[in-house]
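See below for final_0.pdb, which holds PDB, C-alpha atoms.
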```pdb
ATOM      1  CA  MET A   7     -45.438 -75.902   3.253
ATOM      2  CA  SER A   8     -47.206 -72.553   3.112
ATOM      3  CA  ARG A   9     -45.353 -71.508   6.260
ATOM      4  CA  VAL A  10     -42.044 -72.267   4.554
ATOM      5  CA  ILE A  11     -43.080 -70.258   1.481
ATOM      6  CA  ASP A  12     -44.287 -67.340   3.583
ATOM      7  CA  HIS A  13     -41.059 -67.380   5.563
ATOM      8  CA  HIS A  14     -39.055 -67.482   2.330
ATOM      9  CA  ARG A  15     -41.079 -64.579   0.881
ATOM     10  CA  ARG A  16     -40.533 -62.491   4.015
ATOM     11  CA  SER A  17     -36.800 -63.201   3.856
ATOM     12  CA  LEU A  18     -36.655 -62.069   0.243
ATOM     13  CA  LEU A  19     -38.567 -58.900   1.043
ATOM     14  CA  LYS A  20     -36.211 -58.127   3.921
ATOM     15  CA  ALA A  21     -33.202 -58.773   1.722
ATOM     16  CA  SER A  22     -34.604 -56.511  -1.017
ATOM     17  CA  ALA A  23     -35.303 -53.734   1.457
ATOM     18  CA  ALA A  24     -31.804 -54.058   2.877
ATOM     19  CA  ALA A  25     -30.322 -53.888  -0.607
ATOM     20  CA  VAL A  26     -32.273 -50.731  -1.414
ATOM     21  CA  ALA A  27     -31.194 -49.161   1.867
ATOM     22  CA  ALA A  28     -27.597 -50.140   1.260
ATOM     23  CA  GLY A  29     -27.761 -48.633  -2.223
ATOM     24  CA  ALA A  30     -29.131 -45.403  -0.800
ATOM     25  CA  VAL A  31     -26.361 -45.294   1.784
ATOM     26  CA  GLY A  32     -23.726 -46.138  -0.790
ATOM     27  CA  LEU A  33     -24.915 -43.374  -3.116
ATOM     28  CA  PRO A  34     -26.125 -40.697  -0.716
ATOM     29  CA  PHE A  35     -25.598 -37.693  -2.952
ATOM     30  CA  THR A  36     -25.516 -38.886  -6.552
ATOM     31  CA  ALA A  37     -28.611 -41.067  -6.435
ATOM     32  CA  LEU A  38     -30.622 -38.727  -4.257
ATOM     33  CA  ALA A  39     -29.413 -35.386  -5.684
ATOM     34  CA  ALA A  40     -32.249 -35.441  -8.205
ATOM     35  CA  GLU A  41     -34.633 -34.780  -5.302
ATOM     36  CA  TRP A  42     -32.686 -31.745  -4.121
ATOM     37  CA  PRO A  43     -33.821 -29.491  -2.540
ATOM     38  CA  ASP A  44     -36.451 -31.019  -0.296
ATOM     39  CA  ARG A  45     -35.747 -28.934   2.815
ATOM     40  CA  PRO A  46     -34.368 -25.472   3.728
ATOM     41  CA  ILE A  47     -30.844 -24.449   2.677
ATOM     42  CA  THR A  48     -28.530 -22.672   5.132
ATOM     43  CA  TYR A  49     -26.593 -19.733   3.683
ATOM     44  CA  THR A  50     -23.763 -18.768   6.042
ATOM     45  CA  VAL A  51     -22.625 -15.155   5.912
ATOM     46  CA  PRO A  52     -19.177 -15.199   7.569
ATOM     47  CA  PHE A  53     -19.460 -11.569   8.652
ATOM     48  CA  ALA A  54     -21.677  -9.442  10.863
ATOM     49  CA  PRO A  55     -25.078  -8.271   9.576
ATOM     50  CA  GLY A  56     -25.329  -5.144   7.449
ATOM     51  CA  GLY A  57     -22.349  -5.458   5.134
ATOM     52  CA  ALA A  58     -22.296  -6.221   1.419
ATOM     53  CA  THR A  59     -21.879  -9.979   1.980
ATOM     54  CA  ASP A  60     -24.900 -10.010   4.278
ATOM     55  CA  ILE A  61     -27.046  -7.948   1.902
ATOM     56  CA  ILE A  62     -26.205 -10.265  -1.008
ATOM     57  CA  GLY A  63     -27.030 -13.335   1.057
ATOM     58  CA  ARG A  64     -30.424 -11.920   1.938
ATOM     59  CA  ILE A  65     -31.168 -11.079  -1.694
ATOM     60  CA  TYR A  66     -30.462 -14.698  -2.630
ATOM     61  CA  SER A  67     -32.522 -15.887   0.352
ATOM     62  CA  VAL A  68     -35.605 -14.226  -1.108
ATOM     63  CA  SER A  69     -35.304 -14.620  -4.866
ATOM     64  CA  ALA A  70     -33.322 -17.845  -5.309
ATOM     65  CA  ALA A  71     -35.467 -19.499  -2.650
ATOM     66  CA  LYS A  72     -38.589 -18.855  -4.727
ATOM     67  CA  ILE A  73     -36.910 -20.384  -7.779
ATOM     68  CA  LEU A  74     -35.745 -23.465  -5.873
ATOM     69  CA  GLY A  75     -38.999 -23.914  -3.991
ATOM     70  CA  GLN A  76     -37.333 -24.110  -0.562
ATOM     71  CA  PRO A  77     -36.368 -21.463   2.010
ATOM     72  CA  ILE A  78     -32.777 -20.201   2.144
ATOM     73  CA  VAL A  79     -31.980 -19.346   5.751
ATOM     74  CA  VAL A  80     -29.231 -16.760   6.311
ATOM     75  CA  GLU A  81     -27.003 -17.305   9.346
ATOM     76  CA  ASN A  82     -24.346 -14.749  10.300
ATOM     77  CA  MET A  83     -21.134 -16.127  11.800
ATOM     78  CA  GLY A  84     -18.419 -13.490  11.805
ATOM     79  CA  GLY A  85     -14.818 -13.772  12.934
ATOM     80  CA  THR A  86     -11.244 -13.997  11.614
ATOM     81  CA  GLY A  87     -11.940 -12.038   8.461
ATOM     82  CA  GLY A  88     -14.683 -14.401   7.329
ATOM     83  CA  SER A  89     -12.766 -17.594   8.090
ATOM     84  CA  LEU A  90     -14.773 -18.759  11.114
ATOM     85  CA  GLY A  91     -18.057 -19.123   9.232
ATOM     86  CA  SER A  92     -16.309 -20.444   6.128
ATOM     87  CA  ALA A  93     -14.619 -23.184   8.179
ATOM     88  CA  LYS A  94     -18.005 -24.268   9.491
ATOM     89  CA  VAL A  95     -19.337 -24.704   5.967
ATOM     90  CA  ALA A  96     -16.154 -26.481   4.846
ATOM     91  CA  ARG A  97     -16.869 -29.127   7.517
ATOM     92  CA  ALA A  98     -20.575 -29.413   6.674
ATOM     93  CA  LYS A  99     -22.138 -32.374   4.894
ATOM     94  CA  PRO A 100     -21.707 -31.854   1.122
ATOM     95  CA  ASP A 101     -25.349 -32.354   0.237
ATOM     96  CA  GLY A 102     -26.244 -28.889  -1.056
ATOM     97  CA  TYR A 103     -27.946 -27.732   2.128
ATOM     98  CA  ASN A 104     -25.000 -25.651   3.361
ATOM     99  CA  ILE A 105     -23.449 -22.817   1.331
ATOM    100  CA  VAL A 106     -21.345 -19.784   2.198
ATOM    101  CA  GLY A 107     -20.954 -16.234   0.951
ATOM    102  CA  GLY A 108     -17.238 -16.155   0.197
ATOM    103  CA  THR A 109     -15.142 -13.033  -0.329
ATOM    104  CA  ILE A 110     -11.638 -11.951  -1.270
ATOM    105  CA  SER A 111     -10.631 -12.212   2.395
ATOM    106  CA  SER A 112     -12.233 -15.529   3.373
ATOM    107  CA  HIS A 113     -11.450 -17.323   0.105
ATOM    108  CA  ALA A 114      -8.188 -15.746  -1.099
ATOM    109  CA  ILE A 115      -6.260 -13.572   1.361
ATOM    110  CA  ASN A 116      -6.682 -15.172   4.798
ATOM    111  CA  VAL A 117      -4.883 -18.417   3.981
ATOM    112  CA  SER A 118      -1.667 -16.405   3.542
ATOM    113  CA  ILE A 119      -2.191 -14.169   6.580
ATOM    114  CA  TYR A 120      -3.433 -16.365   9.420
ATOM    115  CA  PRO A 121      -1.541 -19.429  10.740
ATOM    116  CA  ASP A 122      -4.546 -21.777  10.537
ATOM    117  CA  ILE A 123      -7.962 -20.889   9.138
ATOM    118  CA  GLY A 124      -9.292 -24.457   9.315
ATOM    119  CA  TYR A 125      -9.721 -25.049   5.584
ATOM    120  CA  ASP A 126      -8.109 -24.726   2.194
ATOM    121  CA  PRO A 127      -9.930 -21.952   0.284
ATOM    122  CA  VAL A 128      -9.714 -23.909  -2.975
ATOM    123  CA  THR A 129      -9.821 -27.643  -2.190
ATOM    124  CA  SER A 130     -12.307 -27.431   0.693
ATOM    125  CA  PHE A 131     -15.033 -25.936  -1.502
ATOM    126  CA  LYS A 132     -16.803 -26.119  -4.822
ATOM    127  CA  PRO A 133     -17.416 -22.754  -6.496
ATOM    128  CA  VAL A 134     -21.026 -21.882  -7.341
ATOM    129  CA  ILE A 135     -21.228 -18.317  -8.643
ATOM    130  CA  LEU A 136     -19.232 -15.088  -8.703
ATOM    131  CA  THR A 137     -21.857 -12.556  -7.689
ATOM    132  CA  GLY A 138     -19.727  -9.560  -8.513
ATOM    133  CA  SER A 139     -16.863  -7.344  -7.490
ATOM    134  CA  LEU A 140     -16.334  -4.063  -5.687
ATOM    135  CA  PRO A 141     -13.280  -1.962  -6.483
ATOM    136  CA  ASN A 142     -11.468   0.029  -3.871
ATOM    137  CA  VAL A 143     -10.990   3.732  -4.393
ATOM    138  CA  LEU A 144      -7.921   5.776  -3.488
ATOM    139  CA  VAL A 145      -9.159   8.734  -1.454
ATOM    140  CA  VAL A 146      -7.527  11.726   0.219
ATOM    141  CA  ARG A 147      -9.012  14.668   2.079
ATOM    142  CA  ALA A 148     -10.709  17.279  -0.063
ATOM    143  CA  ASP A 149      -8.065  19.835   1.001
ATOM    144  CA  SER A 150      -5.124  17.446   0.544
ATOM    145  CA  PRO A 151      -2.108  18.749  -1.378
ATOM    146  CA  TYR A 152      -2.156  15.506  -3.366
ATOM    147  CA  LYS A 153      -4.263  16.076  -6.451
ATOM    148  CA  THR A 154      -3.225  13.016  -8.490
ATOM    149  CA  VAL A 155      -1.844   9.523  -8.068
ATOM    150  CA  GLN A 156       1.469  10.763  -9.429
ATOM    151  CA  ASP A 157       1.585  13.419  -6.687
ATOM    152  CA  LEU A 158       1.456  10.621  -4.113
ATOM    153  CA  ILE A 159       4.116   8.579  -5.898
ATOM    154  CA  ASP A 160       6.454  11.575  -6.067
ATOM    155  CA  ALA A 161       5.931  12.358  -2.389
ATOM    156  CA  GLY A 162       6.359   8.749  -1.326
ATOM    157  CA  LYS A 163       9.680   8.378  -3.109
ATOM    158  CA  LYS A 164      11.318  11.254  -1.279
ATOM    159  CA  PRO A 165      13.951  10.153   1.282
ATOM    160  CA  ASP A 166      12.134  11.990   4.073
ATOM    161  CA  SER A 167       8.681  10.650   3.107
ATOM    162  CA  GLN A 168       6.241  10.394   5.993
ATOM    163  CA  LEU A 169       3.242   9.254   3.956
ATOM    164  CA  ASN A 170       0.850   6.935   5.729
ATOM    165  CA  PHE A 171      -2.309   5.111   4.753
ATOM    166  CA  GLY A 172      -5.190   3.723   6.757
ATOM    167  CA  SER A 173      -7.164   0.525   6.353
ATOM    168  CA  SER A 174     -10.017  -1.404   7.946
ATOM    169  CA  GLY A 175      -7.540  -3.831   9.511
ATOM    170  CA  VAL A 176      -4.482  -6.002   8.959
ATOM    171  CA  GLY A 177      -5.007  -8.369   6.019
ATOM    172  CA  SER A 178      -8.040  -6.511   4.649
ATOM    173  CA  SER A 179      -8.269  -5.747   0.945
ATOM    174  CA  GLN A 180      -7.680  -2.086   1.822
ATOM    175  CA  HIS A 181      -4.439  -2.999   3.603
ATOM    176  CA  LEU A 182      -3.161  -5.258   0.832
ATOM    177  CA  THR A 183      -4.062  -2.696  -1.828
ATOM    178  CA  GLY A 184      -1.726  -0.286  -0.076
ATOM    179  CA  GLU A 185       0.996  -2.946   0.100
ATOM    180  CA  LEU A 186       0.525  -3.704  -3.597
ATOM    181  CA  PHE A 187       0.734   0.017  -4.388
ATOM    182  CA  MET A 188       4.049   0.286  -2.527
ATOM    183  CA  ASP A 189       5.408  -2.808  -4.249
ATOM    184  CA  VAL A 190       4.457  -1.596  -7.736
ATOM    185  CA  THR A 191       5.512   2.037  -7.339
ATOM    186  CA  GLY A 192       8.442   1.784  -4.948
ATOM    187  CA  VAL A 193       6.999   4.369  -2.542
ATOM    188  CA  ASN A 194       7.351   4.171   1.246
ATOM    189  CA  MET A 195       4.236   4.487   3.398
ATOM    190  CA  LEU A 196       3.358   3.604   6.971
ATOM    191  CA  HIS A 197       0.301   1.371   7.407
ATOM    192  CA  VAL A 198      -2.154   2.461  10.110
ATOM    193  CA  PRO A 199      -4.846  -0.188  10.713
ATOM    194  CA  TYR A 200      -8.267   0.628  12.170
ATOM    195  CA  LYS A 201     -11.180  -1.510  13.291
ATOM    196  CA  GLY A 202     -13.268  -1.081  10.178
ATOM    197  CA  SER A 203     -13.743   1.283   7.241
ATOM    198  CA  ALA A 204     -15.727   3.876   9.186
ATOM    199  CA  PRO A 205     -12.995   4.725  11.727
ATOM    200  CA  SER A 206     -10.326   4.779   9.004
ATOM    201  CA  LEU A 207     -12.374   7.273   7.001
ATOM    202  CA  GLN A 208     -12.992   9.374  10.114
ATOM    203  CA  ALA A 209      -9.238   9.441  10.682
ATOM    204  CA  LEU A 210      -8.683  10.511   7.083
ATOM    205  CA  VAL A 211     -11.217  13.327   7.255
ATOM    206  CA  SER A 212      -9.768  14.572  10.569
ATOM    207  CA  GLY A 213      -6.224  14.642   9.199
ATOM    208  CA  GLU A 214      -4.725  11.742  11.176
ATOM    209  CA  ILE A 215      -3.703   9.901   7.997
ATOM    210  CA  ASP A 216      -2.941  10.846   4.401
ATOM    211  CA  LEU A 217      -4.913   8.386   2.304
ATOM    212  CA  VAL A 218      -7.050   5.238   2.250
ATOM    213  CA  PHE A 219      -7.663   2.609  -0.416
ATOM    214  CA  ASP A 220     -11.215   2.152   0.777
ATOM    215  CA  ASN A 221     -14.116   0.015  -0.340
ATOM    216  CA  ILE A 222     -16.049   2.083  -2.820
ATOM    217  CA  THR A 223     -19.386   1.533  -1.069
ATOM    218  CA  SER A 224     -18.391   3.323   2.123
ATOM    219  CA  SER A 225     -16.380   6.104   0.445
ATOM    220  CA  VAL A 226     -18.903   7.308  -2.124
ATOM    221  CA  PRO A 227     -21.113   9.280   0.325
ATOM    222  CA  LEU A 228     -18.091  11.241   1.603
ATOM    223  CA  ILE A 229     -16.855  11.842  -1.941
ATOM    224  CA  GLN A 230     -20.258  13.086  -3.022
ATOM    225  CA  ALA A 231     -20.452  15.311   0.066
ATOM    226  CA  GLY A 232     -17.186  16.988  -0.933
ATOM    227  CA  ARG A 233     -15.239  15.787   2.130
ATOM    228  CA  LEU A 234     -12.970  13.385   0.228
ATOM    229  CA  ARG A 235     -11.258  13.514  -3.154
ATOM    230  CA  ALA A 236     -11.070  10.351  -5.232
ATOM    231  CA  LEU A 237      -7.806   9.933  -7.160
ATOM    232  CA  GLY A 238      -8.404   6.550  -8.794
ATOM    233  CA  VAL A 239     -10.296   3.294  -8.625
ATOM    234  CA  THR A 240      -8.685  -0.146  -8.458
ATOM    235  CA  SER A 241     -10.801  -1.738 -11.190
ATOM    236  CA  THR A 242      -9.582  -1.689 -14.805
ATOM    237  CA  THR A 243     -12.727   0.137 -15.915
ATOM    238  CA  PRO A 244     -14.505   3.117 -14.314
ATOM    239  CA  SER A 245     -17.065   2.320 -11.643
ATOM    240  CA  PRO A 246     -20.685   3.200 -12.508
ATOM    241  CA  VAL A 247     -21.023   4.962  -9.145
ATOM    242  CA  LEU A 248     -17.875   7.061  -9.813
ATOM    243  CA  PRO A 249     -17.849   7.331 -13.608
ATOM    244  CA  ASP A 250     -15.517  10.346 -13.671
ATOM    245  CA  VAL A 251     -12.773   8.701 -11.599
ATOM    246  CA  ALA A 252     -10.160   6.981 -13.743
ATOM    247  CA  PRO A 253      -8.843   3.479 -13.053
ATOM    248  CA  MET A 254      -5.315   3.421 -11.637
ATOM    249  CA  ASP A 255      -4.560   0.996 -14.460
ATOM    250  CA  LYS A 256      -4.905   4.024 -16.763
ATOM    251  CA  LEU A 257      -2.959   6.398 -14.505
ATOM    252  CA  GLY A 258       0.528   5.062 -15.046
ATOM    253  CA  LEU A 259       0.074   1.746 -13.216
ATOM    254  CA  PRO A 260      -0.797  -0.774 -15.946
ATOM    255  CA  GLY A 261      -2.277  -4.002 -14.614
ATOM    256  CA  PHE A 262      -3.001  -2.527 -11.175
ATOM    257  CA  GLU A 263      -6.246  -4.172 -10.117
ATOM    258  CA  VAL A 264      -7.820  -5.040  -6.780
ATOM    259  CA  LEU A 265     -11.394  -6.248  -6.667
ATOM    260  CA  SER A 266     -13.072  -7.008  -3.374
ATOM    261  CA  TRP A 267     -15.264  -9.748  -4.746
ATOM    262  CA  GLN A 268     -18.362 -11.572  -3.555
ATOM    263  CA  ALA A 269     -19.121 -15.196  -4.420
ATOM    264  CA  VAL A 270     -20.927 -18.323  -3.242
ATOM    265  CA  PHE A 271     -19.294 -21.657  -2.401
ATOM    266  CA  ALA A 272     -20.469 -25.120  -1.295
ATOM    267  CA  PRO A 273     -18.466 -27.781   0.560
ATOM    268  CA  ALA A 274     -16.162 -29.968  -1.535
ATOM    269  CA  GLY A 275     -17.956 -33.135  -2.573
ATOM    270  CA  THR A 276     -21.290 -31.465  -3.260
ATOM    271  CA  PRO A 277     -22.783 -33.189  -6.348
ATOM    272  CA  ASP A 278     -22.245 -31.365  -9.638
ATOM    273  CA  ASP A 279     -25.937 -31.382 -10.523
ATOM    274  CA  VAL A 280     -26.752 -29.686  -7.206
ATOM    275  CA  ILE A 281     -24.070 -27.071  -7.922
ATOM    276  CA  GLN A 282     -25.646 -26.465 -11.326
ATOM    277  CA  LYS A 283     -29.117 -26.069  -9.796
ATOM    278  CA  LEU A 284     -27.766 -23.576  -7.277
ATOM    279  CA  TYR A 285     -25.948 -21.680 -10.000
ATOM    280  CA  ALA A 286     -29.039 -21.574 -12.236
ATOM    281  CA  ALA A 287     -31.228 -20.162  -9.439
ATOM    282  CA  MET A 288     -28.663 -17.565  -8.384
ATOM    283  CA  SER A 289     -27.837 -16.574 -11.957
ATOM    284  CA  GLN A 290     -31.532 -16.042 -12.613
ATOM    285  CA  THR A 291     -31.713 -13.904  -9.449
ATOM    286  CA  LEU A 292     -28.924 -11.618 -10.662
ATOM    287  CA  LYS A 293     -30.773 -10.987 -13.917
ATOM    288  CA  GLN A 294     -33.846  -9.547 -12.202
ATOM    289  CA  PRO A 295     -34.061  -5.746 -12.722
ATOM    290  CA  GLU A 296     -34.849  -4.913  -9.093
ATOM    291  CA  VAL A 297     -31.947  -7.053  -7.852
ATOM    292  CA  LEU A 298     -29.549  -5.506 -10.373
ATOM    293  CA  LYS A 299     -30.553  -2.019  -9.284
ATOM    294  CA  GLN A 300     -30.027  -2.828  -5.620
ATOM    295  CA  LEU A 301     -26.600  -4.418  -6.138
ATOM    296  CA  GLN A 302     -25.369  -1.740  -8.505
ATOM    297  CA  GLY A 303     -26.430   0.845  -5.945
ATOM    298  CA  LEU A 304     -23.857  -0.737  -3.617
ATOM    299  CA  GLY A 305     -21.204  -0.166  -6.262
ATOM    300  CA  LEU A 306     -21.146  -3.858  -7.135
ATOM    301  CA  ASP A 307     -20.152  -4.797 -10.656
ATOM    302  CA  VAL A 308     -22.480  -7.772 -11.093
ATOM    303  CA  SER A 309     -20.827 -10.779 -12.744
ATOM    304  CA  GLY A 310     -22.787 -14.027 -12.597
ATOM    305  CA  ALA A 311     -19.752 -16.085 -13.707
ATOM    306  CA  GLY A 312     -20.305 -19.798 -13.218
ATOM    307  CA  PRO A 313     -18.446 -22.497 -11.270
ATOM    308  CA  GLU A 314     -15.617 -23.091 -13.738
ATOM    309  CA  GLU A 315     -14.832 -19.427 -14.305
ATOM    310  CA  LEU A 316     -15.074 -18.623 -10.593
ATOM    311  CA  GLY A 317     -12.733 -21.504  -9.800
ATOM    312  CA  LYS A 318     -10.046 -20.200 -12.164
ATOM    313  CA  PHE A 319     -10.476 -16.638 -10.899
ATOM    314  CA  GLN A 320     -10.214 -17.712  -7.263
ATOM    315  CA  LYS A 321      -7.010 -19.730  -7.795
ATOM    316  CA  ALA A 322      -5.404 -16.716  -9.456
ATOM    317  CA  GLU A 323      -6.487 -14.495  -6.550
ATOM    318  CA  VAL A 324      -5.031 -16.877  -3.938
ATOM    319  CA  ALA A 325      -1.689 -16.876  -5.754
ATOM    320  CA  LYS A 326      -1.712 -13.090  -6.253
ATOM    321  CA  TRP A 327      -2.341 -12.246  -2.611
ATOM    322  CA  ALA A 328       0.038 -14.917  -1.321
ATOM    323  CA  ASP A 329       2.787 -13.150  -3.246
ATOM    324  CA  VAL A 330       1.777  -9.723  -1.910
ATOM    325  CA  ALA A 331       1.577 -11.025   1.676
ATOM    326  CA  LYS A 332       4.989 -12.686   1.380
ATOM    327  CA  LYS A 333       6.691  -9.592  -0.035
ATOM    328  CA  ALA A 334       5.122  -7.386   2.628
ATOM    329  CA  ASN A 335       5.797  -9.967   5.371
ATOM    330  CA  ILE A 336       2.189  -9.803   6.571
ATOM    331  CA  LYS A 337       1.349 -12.446   9.180
ATOM    332  CA  MET A 338      -1.096 -12.565  12.067
TER
END
```

Before anything else, please render the file you have as structure tokens.
Amino acid sequence: MSRVIDHHRRSLLKASAAAVAAGAVGLPFTALAAEWPDRPITYTVPFAPGGATDIIGRIYSVSAAKILGQPIVVENMGGTGGSLGSAKVARAKPDGYNIVGGTISSHAINVSIYPDIGYDPVTSFKPVILTGSLPNVLVVRADSPYKTVQDLIDAGKKPDSQLNFGSSGVGSSQHLTGELFMDVTGVNMLHVPYKGSAPSLQALVSGEIDLVFDNITSSVPLIQAGRLRALGVTSTTPSPVLPDVAPMDKLGLPGFEVLSWQAVFAPAGTPDDVIQKLYAAMSQTLKQPEVLKQLQGLGLDVSGAGPEELGKFQKAEVAKWADVAKKANIKM
């Protein structure tokens, strides 16, 4: 009799254990998300080391990691304008242990430029936080005959116009800013792509090209050294690092705005409470004085907007740049 009871008890225990295991499998993220994080988080930077996206990722890897109580490991995976690393994260398990530093190119522009980036920038991800934005700045040589934005517009509308502009590559924010400028103003310019901001600025200084809508971070040293003249910034308010340079929005081009933004995304399906924990830690990071100083020194306008606001902003950006790419017939 006791053997029968013992056998029955063991069967019940096995059945209970199986039920618990099945429940855990059936609710892998919702039921267990409360324990998150219990191991290191991988932060993919979809660009080479040293750029703004990489610097921001490493700031989060130090400060947000302390808040969360687990390491944040930065992995660089560049390629296809940020799409290669972003695609990897889009395919990752949506458990909060894989996030990506998304940008205007990887999460807005590329889907309209490249034939297949391996993900949908909106539906393949959940937005976490908008870290901030970097305006571009319209620069010419210090000895250029073009002293104002209107000078460029007037020159570009002439039938014999030979204006050209450089960029850091086809599909970059610098390139599409130039295309947007042509669309809004009706000027004609030839696009000359280079392999990065540095060679495009070298070409500008040497006289190979007439102008560049460059990322503000890389242009400021040359502006301050007196080698380039800034005609306008592409934000709707002056940049703290170039306070005396007016926004193009205020220079006869109302609504003209291009912000090369930085954000963080997680794979679609990541539990909402994990997203909120990530956002809270990263938002707290951005409020630290030493972090603010470092980011503002890059020319970054720190935002800290949350998941809902970032999601709306990103959808608008995807639509905006799809329209620009279509009008300019930009395809890779």

On this structure, which residues satisfy the PyMOL selection byres ((chain A and resi 271) around 8), written as a compact mmCIF listing (two decimals) with C-alpha atoms, keeping the file's coordinate frame?
```txt
# COMPACT_ATOMS: atom_id res chain seq x y z
CA ILE A 105 -23.45 -22.82 1.33
CA VAL A 106 -21.34 -19.78 2.20
CA GLY A 107 -20.95 -16.23 0.95
CA GLY A 108 -17.24 -16.16 0.20
CA PHE A 131 -15.03 -25.94 -1.50
CA LYS A 132 -16.80 -26.12 -4.82
CA PRO A 133 -17.42 -22.75 -6.50
CA VAL A 134 -21.03 -21.88 -7.34
CA ILE A 135 -21.23 -18.32 -8.64
CA ALA A 269 -19.12 -15.20 -4.42
CA VAL A 270 -20.93 -18.32 -3.24
CA ALA A 272 -20.47 -25.12 -1.30
CA PRO A 273 -18.47 -27.78 0.56
```

Carefully work through the PyMOL selection byres ((chain A and resi 190-200) around 8) for this structure and note down the residues it includes, as an mmCIF file with C-alpha atoms, in the coordinates of the input.
```cif
data_model
loop_
_atom_site.group_PDB
_atom_site.id
_atom_site.type_symbol
_atom_site.label_atom_id
_atom_site.label_comp_id
_atom_site.auth_asym_id
_atom_site.auth_seq_id
_atom_site.Cartn_x
_atom_site.Cartn_y
_atom_site.Cartn_z
ATOM 1 C CA ILE A 159 4.116 8.579 -5.898
ATOM 2 C CA GLY A 162 6.359 8.749 -1.326
ATOM 3 C CA LYS A 163 9.680 8.378 -3.109
ATOM 4 C CA SER A 167 8.681 10.650 3.107
ATOM 5 C CA GLN A 168 6.241 10.394 5.993
ATOM 6 C CA LEU A 169 3.242 9.254 3.956
ATOM 7 C CA ASN A 170 0.850 6.935 5.729
ATOM 8 C CA PHE A 171 -2.309 5.111 4.753
ATOM 9 C CA GLY A 172 -5.190 3.723 6.757
ATOM 10 C CA SER A 173 -7.164 0.525 6.353
ATOM 11 C CA SER A 174 -10.017 -1.404 7.946
ATOM 12 C CA GLY A 175 -7.540 -3.831 9.511
ATOM 13 C CA VAL A 176 -4.482 -6.002 8.959
ATOM 14 C CA HIS A 181 -4.439 -2.999 3.603
ATOM 15 C CA GLY A 184 -1.726 -0.286 -0.076
ATOM 16 C CA LEU A 186 0.525 -3.704 -3.597
ATOM 17 C CA PHE A 187 0.734 0.017 -4.388
ATOM 18 C CA MET A 188 4.049 0.286 -2.527
ATOM 19 C CA ASP A 189 5.408 -2.808 -4.249
ATOM 20 C CA LYS A 201 -11.180 -1.510 13.291
ATOM 21 C CA GLY A 202 -13.268 -1.081 10.178
ATOM 22 C CA SER A 203 -13.743 1.283 7.241
ATOM 23 C CA PRO A 205 -12.995 4.725 11.727
ATOM 24 C CA SER A 206 -10.326 4.779 9.004
ATOM 25 C CA ILE A 215 -3.703 9.901 7.997
ATOM 26 C CA LEU A 259 0.074 1.746 -13.216
#
```

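Here the residues that fall within 12 Å of (-7.8, -15.6, -9.0), using all atoms listed in the file, are given as A:Thr109, A:Ile110, A:His113, A:Ala114, A:Ile115, A:Pro127, A:Val128, A:Leu136, A:Glu263, A:Val264, A:Leu265, A:Ser266, A:Trp267, A:Glu314, A:Glu315, A:Leu316, A:Gly317, A:Lys318, A:Phe319, A:Gln320, A:Lys321, A:Ala322, A:Glu323, A:Val324, A:Ala325, A:Lys326, A:Trp327, A:Ala328.
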
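Counting from CA of Gly138 in chain A, the distance to CA of Ser179 in chain A is 15.3 Å.
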
Note to self: Env of range 42-56 of chain A: 10 Å cut, atoms = all atoms listed in the file, seq-sep filter 5 positions within chain, self excluded. Answer as a PyMOL selection string.
What the structure shows: chain A and resi 35+61-64+66-67+71+74-95+101-109+112+270-272+279-280+283-284

Next item on the list: Find, counting all atoms listed in the file, the residue in A:Met288, A:Val155, A:Ile336, A:Leu306 that gets nearest to Leu257 in chain A.
Entry: A:Val155

Would you compute an axis-aligned box for range 274-290 of chain A, covering every atom listed for it in the file with 6 Å of margin on each side, and report centre and edge lengths in Å to one decimal as lines of an AutoDock Vina configuration file?
```
center_x = -23.8
center_y = -24.6
center_z = -7.1
size_x = 27.4
size_y = 29.1
size_z = 23.1
```

Notebook entry, point to check: Could you state the separation of CA of Asp160 in chain A and CA of Ala148 in chain A in Å, given to one decimal place?
Noted result: 19.1 Å
